[in-house]
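So this one's structure21.cif, mmCIF, C-alpha atoms and all ligand atoms:
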data_input
#
loop_
_atom_site.label_atom_id
_atom_site.label_comp_id
_atom_site.auth_asym_id
_atom_site.auth_seq_id
_atom_site.Cartn_x
_atom_site.Cartn_y
_atom_site.Cartn_z
CA MET V 1 -3.64 -7.29 9.23
CA SER V 2 -0.82 -6.56 11.64
CA ARG V 3 2.05 -4.62 10.21
CA LYS V 4 5.40 -4.56 11.96
CA LYS V 5 6.55 -1.01 12.58
CA LEU V 6 9.49 0.31 10.56
CA VAL V 7 11.61 3.33 11.39
CA ILE V 8 14.12 4.61 8.84
CA GLY V 9 16.69 7.33 9.40
CA ASN V 10 17.41 9.52 6.39
CA TRP V 11 20.77 11.10 7.05
CA LYS V 12 20.58 13.25 3.89
CA MET V 13 24.00 14.81 3.18
CA HIS V 14 25.33 14.27 6.69
CA HIS V 15 27.90 11.95 8.26
CA THR V 16 31.26 11.15 6.71
CA GLY V 17 32.86 7.73 7.20
CA PRO V 18 34.45 8.64 10.58
CA GLU V 19 31.17 10.27 11.70
CA THR V 20 29.33 7.10 10.72
CA HIS V 21 31.72 5.08 12.91
CA HIS V 22 31.08 7.48 15.75
CA TRP V 23 27.29 7.23 15.29
CA TRP V 24 27.51 3.44 15.35
CA GLN V 25 29.67 3.42 18.44
CA ARG V 26 27.19 5.64 20.26
CA TRP V 27 24.32 3.46 19.00
CA GLN V 28 26.03 0.36 20.39
CA GLU V 29 26.60 2.06 23.74
CA LEU V 30 22.97 3.07 24.28
CA ASP V 31 21.41 1.63 27.39
CA GLU V 32 18.05 1.20 25.75
CA ARG V 33 17.89 0.17 22.14
CA PRO V 34 14.62 -0.68 20.38
CA ASP V 35 13.55 -4.32 20.41
CA PRO V 36 14.11 -5.80 16.92
CA GLN V 37 11.12 -8.10 17.53
CA GLN V 38 8.91 -5.04 17.77
CA VAL V 39 10.29 -2.70 15.15
CA ASP V 40 12.39 -2.93 12.00
CA LEU V 41 15.09 -0.29 11.72
CA GLY V 42 16.84 1.18 8.72
CA VAL V 43 19.35 3.92 8.00
CA ALA V 44 20.03 5.66 4.69
CA PRO V 45 23.44 7.38 4.85
CA PRO V 46 25.07 9.24 1.96
CA PHE V 47 26.56 7.01 -0.76
CA THR V 48 30.10 7.33 0.62
CA SER V 49 29.05 6.08 4.06
CA LEU V 50 27.07 3.08 2.80
CA GLY V 51 30.15 0.81 2.82
CA PRO V 52 31.20 1.75 6.36
CA LEU V 53 27.66 1.37 7.75
CA ILE V 54 27.09 -1.94 5.94
CA ASP V 55 30.35 -3.28 7.40
CA LEU V 56 29.62 -2.03 10.91
CA SER V 57 26.07 -3.40 11.01
CA ARG V 58 26.84 -6.74 9.33
CA HIS V 59 25.78 -8.91 12.27
CA HIS V 60 23.08 -6.59 13.55
CA PRO V 61 19.41 -6.20 12.67
CA LEU V 62 19.75 -2.93 10.77
CA LEU V 63 18.60 -2.37 7.21
CA VAL V 64 20.88 -0.10 5.20
CA GLY V 65 19.70 1.81 2.16
CA ALA V 66 20.54 4.57 -0.27
CA GLN V 67 18.75 7.88 -0.73
CA ASN V 68 18.54 7.74 -4.51
CA LEU V 69 19.47 5.64 -7.55
CA HIS V 70 19.56 5.77 -11.33
CA TRP V 71 17.12 3.64 -13.32
CA GLU V 72 19.60 2.17 -15.79
CA SER V 73 21.86 -0.71 -14.73
CA SER V 74 25.01 0.90 -16.12
CA GLY V 75 26.06 3.34 -18.81
CA ALA V 76 27.35 6.82 -19.53
CA PHE V 77 25.55 8.62 -16.69
CA THR V 78 28.20 10.68 -14.95
CA GLY V 79 27.59 11.01 -11.24
CA GLU V 80 24.90 8.34 -11.01
CA VAL V 81 24.69 5.03 -9.14
CA SER V 82 22.53 2.12 -10.29
CA ALA V 83 20.21 -0.19 -8.35
CA GLU V 84 22.47 -3.13 -9.18
CA MET V 85 25.48 -1.29 -7.74
CA LEU V 86 23.58 -0.54 -4.54
CA ALA V 87 22.46 -4.16 -4.21
CA GLU V 88 26.00 -5.37 -4.83
CA ALA V 89 27.29 -3.02 -2.13
CA GLY V 90 24.89 -4.66 0.32
CA CYS V 91 21.95 -2.23 0.40
CA ASP V 92 18.54 -3.51 1.46
CA PHE V 93 16.36 -0.59 0.42
CA VAL V 94 16.38 2.69 -1.44
CA ILE V 95 14.46 5.93 -0.87
CA ILE V 96 12.76 7.13 -4.06
CA GLY V 97 11.09 10.45 -4.81
CA HIS V 98 12.01 12.33 -1.64
CA SER V 99 10.61 15.86 -1.86
CA GLU V 100 14.12 17.35 -1.74
CA ARG V 101 14.92 15.41 -4.89
CA ARG V 102 11.63 16.44 -6.49
CA GLN V 103 12.05 20.11 -5.57
CA LEU V 104 15.81 20.68 -5.77
CA PHE V 105 16.91 18.16 -8.40
CA GLY V 106 14.05 18.08 -10.88
CA GLU V 107 12.84 14.59 -10.04
CA THR V 108 9.67 13.90 -12.04
CA ASP V 109 6.96 11.29 -11.55
CA THR V 110 8.13 9.59 -14.74
CA ARG V 111 11.67 9.23 -13.42
CA ILE V 112 10.37 8.06 -10.09
CA ALA V 113 8.36 5.31 -11.80
CA ARG V 114 11.49 4.16 -13.63
CA LYS V 115 13.46 4.17 -10.40
CA LEU V 116 10.85 1.97 -8.74
CA ALA V 117 11.15 -0.55 -11.54
CA ALA V 118 14.96 -0.45 -11.24
CA ALA V 119 14.81 -1.09 -7.50
CA ARG V 120 12.59 -4.12 -8.04
CA ARG V 121 14.85 -5.46 -10.80
CA ALA V 122 17.81 -5.37 -8.40
CA GLY V 123 15.92 -6.78 -5.41
CA LEU V 124 15.98 -3.56 -3.39
CA LEU V 125 12.98 -2.53 -1.31
CA PRO V 126 11.72 0.84 -2.60
CA VAL V 127 10.62 3.45 -0.04
CA LEU V 128 8.47 5.78 -2.13
CA CYS V 129 7.87 9.30 -0.79
CA VAL V 130 4.81 11.42 -1.52
CA GLY V 131 3.60 14.67 0.01
CA GLU V 132 2.03 18.05 -0.59
CA THR V 133 3.31 21.61 -0.15
CA ALA V 134 1.81 24.09 2.32
CA ASP V 135 0.06 25.92 -0.52
CA GLU V 136 -1.44 22.71 -1.85
CA ARG V 137 -2.74 21.83 1.60
CA SER V 138 -4.27 25.24 2.19
CA ALA V 139 -5.91 25.06 -1.23
CA GLY V 140 -7.51 21.77 -0.19
CA ARG V 141 -5.49 19.82 -2.76
CA THR V 142 -3.64 17.39 -0.49
CA GLU V 143 -5.51 14.31 -1.68
CA VAL V 144 -5.33 15.25 -5.36
CA VAL V 145 -1.57 15.77 -5.13
CA ILE V 146 -0.63 12.64 -3.23
CA GLU V 147 -3.01 10.51 -5.28
CA GLU V 148 -1.40 11.74 -8.47
CA GLN V 149 2.09 11.05 -7.15
CA LEU V 150 1.21 7.53 -6.00
CA GLN V 151 -0.88 6.68 -9.04
CA HIS V 152 1.88 7.74 -11.40
CA ALA V 153 4.35 5.55 -9.57
CA LEU V 154 1.99 2.57 -9.59
CA ASP V 155 1.24 2.84 -13.30
CA HIS V 156 4.44 0.96 -14.00
CA PHE V 157 4.80 -0.93 -10.76
CA GLU V 158 2.46 -3.79 -10.10
CA ILE V 159 2.38 -4.74 -6.43
CA ASP V 160 1.54 -8.36 -5.91
CA ASP V 161 2.89 -8.58 -2.39
CA PRO V 162 2.56 -6.05 0.45
CA GLY V 163 6.26 -6.51 1.24
CA ALA V 164 7.29 -5.19 -2.18
CA LEU V 165 6.88 -1.53 -1.32
CA VAL V 166 7.09 0.89 1.58
CA LEU V 167 5.31 4.19 1.24
CA ALA V 168 6.26 7.37 3.09
CA TYR V 169 3.82 10.25 3.50
CA GLU V 170 5.93 13.36 3.99
CA PRO V 171 4.08 16.68 3.89
CA ILE V 172 6.69 19.09 2.53
CA TRP V 173 5.69 21.82 4.99
CA ALA V 174 6.61 19.49 7.85
CA ILE V 175 10.08 18.46 6.64
CA GLY V 176 12.87 20.06 8.63
CA THR V 177 10.52 22.79 9.88
CA GLY V 178 9.69 21.54 13.36
CA GLN V 179 6.04 21.73 12.33
CA THR V 180 4.72 18.16 12.47
CA ALA V 181 1.43 17.06 10.93
CA THR V 182 -1.11 16.36 13.65
CA PRO V 183 -1.85 12.68 14.22
CA ALA V 184 -5.29 13.25 12.67
CA GLN V 185 -3.85 14.93 9.55
CA ALA V 186 -1.29 12.18 9.08
CA GLN V 187 -3.80 9.41 9.75
CA ALA V 188 -6.24 10.83 7.19
CA ALA V 189 -3.55 10.94 4.50
CA HIS V 190 -2.32 7.44 5.35
CA ARG V 191 -5.83 6.00 5.21
CA PHE V 192 -6.39 7.69 1.87
CA LEU V 193 -3.14 6.28 0.46
CA ARG V 194 -4.07 2.82 1.71
CA GLU V 195 -7.37 3.02 -0.15
CA ILE V 196 -5.54 3.90 -3.35
CA LEU V 197 -3.19 0.94 -2.87
CA ALA V 198 -6.14 -1.38 -2.32
CA ALA V 199 -7.86 -0.10 -5.45
CA ALA V 200 -4.69 -0.34 -7.54
CA ALA V 201 -3.79 -3.84 -6.36
CA ASP V 202 -6.06 -5.66 -3.93
CA SER V 203 -7.27 -5.46 -0.36
CA GLN V 204 -4.39 -7.57 0.94
CA VAL V 205 -1.87 -5.15 -0.53
CA GLY V 206 -3.89 -2.20 0.74
CA ALA V 207 -3.94 -3.63 4.24
CA GLY V 208 -0.37 -4.89 4.24
CA VAL V 209 1.87 -2.17 2.79
CA ARG V 210 3.68 -0.22 5.49
CA ILE V 211 3.07 3.52 5.30
CA LEU V 212 5.57 5.68 7.19
CA TYR V 213 5.08 9.25 8.26
CA GLY V 214 7.91 11.75 7.81
CA GLY V 215 8.29 15.41 8.73
CA SER V 216 9.81 16.69 11.99
CA VAL V 217 9.38 13.41 13.84
CA LYS V 218 10.96 13.67 17.29
CA PRO V 219 10.95 11.53 20.44
CA ALA V 220 8.28 13.89 21.85
CA ASN V 221 5.73 13.36 19.05
CA ALA V 222 6.47 9.81 17.85
CA ALA V 223 4.21 7.93 20.25
CA GLU V 224 1.02 9.85 19.49
CA LEU V 225 1.60 9.57 15.74
CA ALA V 226 2.41 5.85 15.97
CA ALA V 227 -0.81 5.25 17.89
CA GLU V 228 -2.85 6.00 14.75
CA ASP V 229 -4.18 2.94 12.92
CA ASP V 230 -2.52 3.54 9.58
CA ILE V 231 0.83 4.97 10.70
CA ASP V 232 3.31 2.10 10.54
CA GLY V 233 6.49 3.92 11.47
CA PHE V 234 8.58 6.87 10.42
CA LEU V 235 11.04 8.30 7.98
CA VAL V 236 13.18 10.47 10.23
CA GLY V 237 15.55 13.16 9.00
CA GLY V 238 17.22 15.47 11.51
CA ALA V 239 16.50 13.43 14.63
CA SER V 240 18.09 10.29 13.14
CA LEU V 241 21.53 11.94 13.21
CA ASP V 242 21.47 11.51 16.98
CA PRO V 243 21.48 7.81 17.92
CA ALA V 244 19.74 8.46 21.22
CA ALA V 245 16.88 10.40 19.59
CA PHE V 246 16.58 7.82 16.81
CA ALA V 247 16.39 5.01 19.37
CA ALA V 248 13.84 6.92 21.46
CA ILE V 249 11.61 7.41 18.42
CA ALA V 250 11.81 3.74 17.51
CA ARG V 251 11.11 2.63 21.08
P1 LIG H 1 12.93 15.76 9.14
O1 LIG H 1 13.11 15.12 7.66
O2 LIG H 1 12.65 14.62 10.07
O3 LIG H 1 14.25 16.42 9.41
O4 LIG H 1 11.78 16.70 9.05
C1 LIG H 1 12.28 14.08 7.23
C2 LIG H 1 12.67 13.66 5.83
O5 LIG H 1 13.07 14.52 5.03
O6 LIG H 1 12.60 12.46 5.49
#

Could I get this file's structure written as structure tokens?
Ligand code: PGA
Amino acid sequence: MSRKKLVIGNWKMHHTGPETHHWWQRWQELDERPDPQQVDLGVAPPFTSLGPLIDLSRHHPLLVGAQNLHWESSGAFTGEVSAEMLAEAGCDFVIIGHSERRQLFGETDTRIARKLAAARRAGLLPVLCVGETADERSAGRTEVVIEEQLQHALDHFEIDDPGALVLAYEPIWAIGTGQTATPAQAQAAHRFLREILAAAADSQVGAGVRILYGGSVKPANAAELAAEDDIDGFLVGGASLDPAAFAAIAR
């Protein structure tokens, strides 16, 4: 099955409204932008820059998404934003279970499963992140860890259509470190995740879900990673803050 590539920029806690305008202006001025026929593009800015980016990209082929959500639709949850609110604001997708949320903000697999259900309820495409630490990899536990993370999420999330979910394999030791997984390491993890998807749903879902790689993706290493059979694009942190680097990766 052919899967269209997808490249998503995760801006994390970077880019105010004016900086978002500046990014967009530079993006528009690039000589060579990626061909939307070849690759889908998305950007996940901080909550406060969602509105500006959604307005700026209104007539352009750019998906806009949030980096987190709360699983309830509304209620007394100070500081939280619901899936329905994100959808109403014009979001297309939402990142769920990023390792920074798991490690720094106590995100658990149970919460992540609830967040997946909330995204579906509101019609947002969930981008689910899984990945192992350096210690887990050196202990030979990579597969056990990412299987557990994915399986937990799927326990409450039936996938009937490959377009209902995007998965991102992000080894924690590669995020923001400049140390990228080798194409072979990433490919092995992606293939393994695809087998779990096929077993949990069916072969069509296994073959059709897009699995992105994330962790120090740069223009210099994107092509060799993207050449692997099961790598369908990227979740890009640092390099996505620079429109030229983001475009080069996507191209
Ligand atoms: P990085 O971040 O590209 O800066 O390593 C990736 C991510 O956290 O999604």

- request: Check every protein, DNA and RNA residue against ligand LIG 1 (chain H), keep those with an atom at most 10 Å away (counting only C-alpha atoms and all ligand atoms), and present them as an MDAnalysis selection string.
  value: chainID V and resid 8:12 67 95 98:100 129 168:180 212:218 234:241

message: Please compute the CA of Leu167 (chain V)-CA of Ile146 (chain V) distance, one decimal, in Å.
response: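 The value is 11.3 Å.
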
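Using all atoms listed in the file, the nearest neighbour of Glu19 (chain V) within the list V:Pro61, V:Pro52, V:Pro36, V:Gly79 is V:Pro52.
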
message: What does the structure give for the distance between CA of Glu158 (chain V) and CA of Ala66 (chain V), in Å to one decimal?
response: 22.2 Å

If we count all atoms listed in the file and set the cut-off at 10 Å, which residues sit around Arg121 (chain V), ignoring sequence neighbours fewer than 3 positions away in its own chain? Please answer as a CSV table (one decimal) with C-alpha atoms, in the frame of the given file.
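Listed below is the output, around35.csv:
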chain,number,residue,atom,x,y,z
V,71,TRP,CA,17.1,3.6,-13.3
V,73,SER,CA,21.9,-0.7,-14.7
V,83,ALA,CA,20.2,-0.2,-8.4
V,84,GLU,CA,22.5,-3.1,-9.2
V,115,LYS,CA,13.5,4.2,-10.4
V,116,LEU,CA,10.8,2.0,-8.7
V,117,ALA,CA,11.2,-0.6,-11.5
V,118,ALA,CA,15.0,-0.4,-11.2
V,124,LEU,CA,16.0,-3.6,-3.4

Using only C-alpha atoms, list the residues that have an atom at most 8 Å from (2.8, 18.5, -2.0), coordinates as in the file, as a compact mmCIF listing (two decimals) with C-alpha atoms, in the frame of the given file.
# COMPACT_ATOMS: atom_id res chain seq x y z
CA VAL V 130 4.81 11.42 -1.52
CA GLY V 131 3.60 14.67 0.01
CA GLU V 132 2.03 18.05 -0.59
CA THR V 133 3.31 21.61 -0.15
CA ALA V 134 1.81 24.09 2.32
CA GLU V 136 -1.44 22.71 -1.85
CA ARG V 137 -2.74 21.83 1.60
CA THR V 142 -3.64 17.39 -0.49
CA VAL V 145 -1.57 15.77 -5.13
CA ILE V 146 -0.63 12.64 -3.23
CA PRO V 171 4.08 16.68 3.89
CA ILE V 172 6.69 19.09 2.53

field: Expected residue set, 12 Å radius at (-4.2, -4.0, -6.3), all atoms listed in the file, as a list of chain:residue names
entry: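 Output: V:Gln151, V:Leu154, V:Asp155, V:Phe157, V:Glu158, V:Ile159, V:Asp160, V:Asp161, V:Pro162, V:Arg194, V:Glu195, V:Ile196, V:Leu197, V:Ala198, V:Ala199, V:Ala200, V:Ala201, V:Asp202, V:Ser203, V:Gln204, V:Val205, V:Gly206, V:Ala207, V:Gly208, V:Val209.
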
message: What's the separation between CA of Phe47 (chain V) and CA of Ile231 (chain V), in Å to one decimal place?
response: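 Those two atoms sit 28.2 Å apart.
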
- prompt: Between V:Gly51, V:Leu150, V:Ala223, V:Glu32, which one has atoms that come closest to Thr182 (chain V), using only C-alpha atoms?
  reply: V:Ala223

statement: Counting all atoms listed in the file, closest pick from V:Lys5, V:Thr20, V:Gly140, V:Arg120 relative to Ala227 (chain V) is V:Lys5

Can you fill out region 84-101 of chain V with N, CA and C atoms and hand it back as an mmCIF file, in the coordinates of the input?
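Result file part.cif:
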data_model
loop_
_atom_site.group_PDB
_atom_site.id
_atom_site.type_symbol
_atom_site.label_atom_id
_atom_site.label_comp_id
_atom_site.auth_asym_id
_atom_site.auth_seq_id
_atom_site.Cartn_x
_atom_site.Cartn_y
_atom_site.Cartn_z
ATOM 1 N N GLU V 84 21.625 -1.929 -9.264
ATOM 2 C CA GLU V 84 22.470 -3.130 -9.180
ATOM 3 C C GLU V 84 23.718 -2.846 -8.350
ATOM 4 N N MET V 85 24.275 -1.640 -8.513
ATOM 5 C CA MET V 85 25.480 -1.290 -7.740
ATOM 6 C C MET V 85 25.157 -1.201 -6.248
ATOM 7 N N LEU V 86 23.986 -0.655 -5.943
ATOM 8 C CA LEU V 86 23.580 -0.540 -4.540
ATOM 9 C C LEU V 86 23.365 -1.934 -3.936
ATOM 10 N N ALA V 87 22.717 -2.801 -4.710
ATOM 11 C CA ALA V 87 22.460 -4.160 -4.210
ATOM 12 C C ALA V 87 23.790 -4.886 -3.997
ATOM 13 N N GLU V 88 24.694 -4.698 -4.934
ATOM 14 C CA GLU V 88 26.000 -5.370 -4.830
ATOM 15 C C GLU V 88 26.777 -4.869 -3.621
ATOM 16 N N ALA V 89 26.592 -3.588 -3.297
ATOM 17 C CA ALA V 89 27.290 -3.020 -2.130
ATOM 18 C C ALA V 89 26.689 -3.516 -0.814
ATOM 19 N N GLY V 90 25.498 -4.114 -0.900
ATOM 20 C CA GLY V 90 24.890 -4.660 0.320
ATOM 21 C C GLY V 90 23.681 -3.882 0.816
ATOM 22 N N CYS V 91 23.143 -2.997 -0.015
ATOM 23 C CA CYS V 91 21.950 -2.230 0.400
ATOM 24 C C CYS V 91 20.721 -3.129 0.441
ATOM 25 N N ASP V 92 19.819 -2.801 1.351
ATOM 26 C CA ASP V 92 18.540 -3.510 1.460
ATOM 27 C C ASP V 92 17.409 -2.732 0.798
ATOM 28 N N PHE V 93 17.473 -1.414 0.903
ATOM 29 C CA PHE V 93 16.360 -0.590 0.420
ATOM 30 C C PHE V 93 16.899 0.668 -0.236
ATOM 31 N N VAL V 94 15.995 1.404 -0.866
ATOM 32 C CA VAL V 94 16.380 2.690 -1.440
ATOM 33 C C VAL V 94 15.199 3.656 -1.344
ATOM 34 N N ILE V 95 15.481 4.883 -0.925
ATOM 35 C CA ILE V 95 14.460 5.930 -0.870
ATOM 36 C C ILE V 95 14.284 6.491 -2.278
ATOM 37 N N ILE V 96 13.032 6.642 -2.699
ATOM 38 C CA ILE V 96 12.760 7.130 -4.060
ATOM 39 C C ILE V 96 11.740 8.268 -3.990
ATOM 40 N N GLY V 97 12.049 9.351 -4.686
ATOM 41 C CA GLY V 97 11.090 10.450 -4.810
ATOM 42 C C GLY V 97 10.972 11.326 -3.581
ATOM 43 N N HIS V 98 12.036 11.404 -2.785
ATOM 44 C CA HIS V 98 12.010 12.330 -1.640
ATOM 45 C C HIS V 98 11.734 13.745 -2.157
ATOM 46 N N SER V 99 11.014 14.530 -1.372
ATOM 47 C CA SER V 99 10.610 15.860 -1.860
ATOM 48 C C SER V 99 11.817 16.756 -2.143
ATOM 49 N N GLU V 100 12.932 16.538 -1.427
ATOM 50 C CA GLU V 100 14.120 17.350 -1.740
ATOM 51 C C GLU V 100 14.635 17.022 -3.136
ATOM 52 N N ARG V 101 14.509 15.777 -3.533
ATOM 53 C CA ARG V 101 14.920 15.410 -4.890
ATOM 54 C C ARG V 101 13.909 15.975 -5.913
#
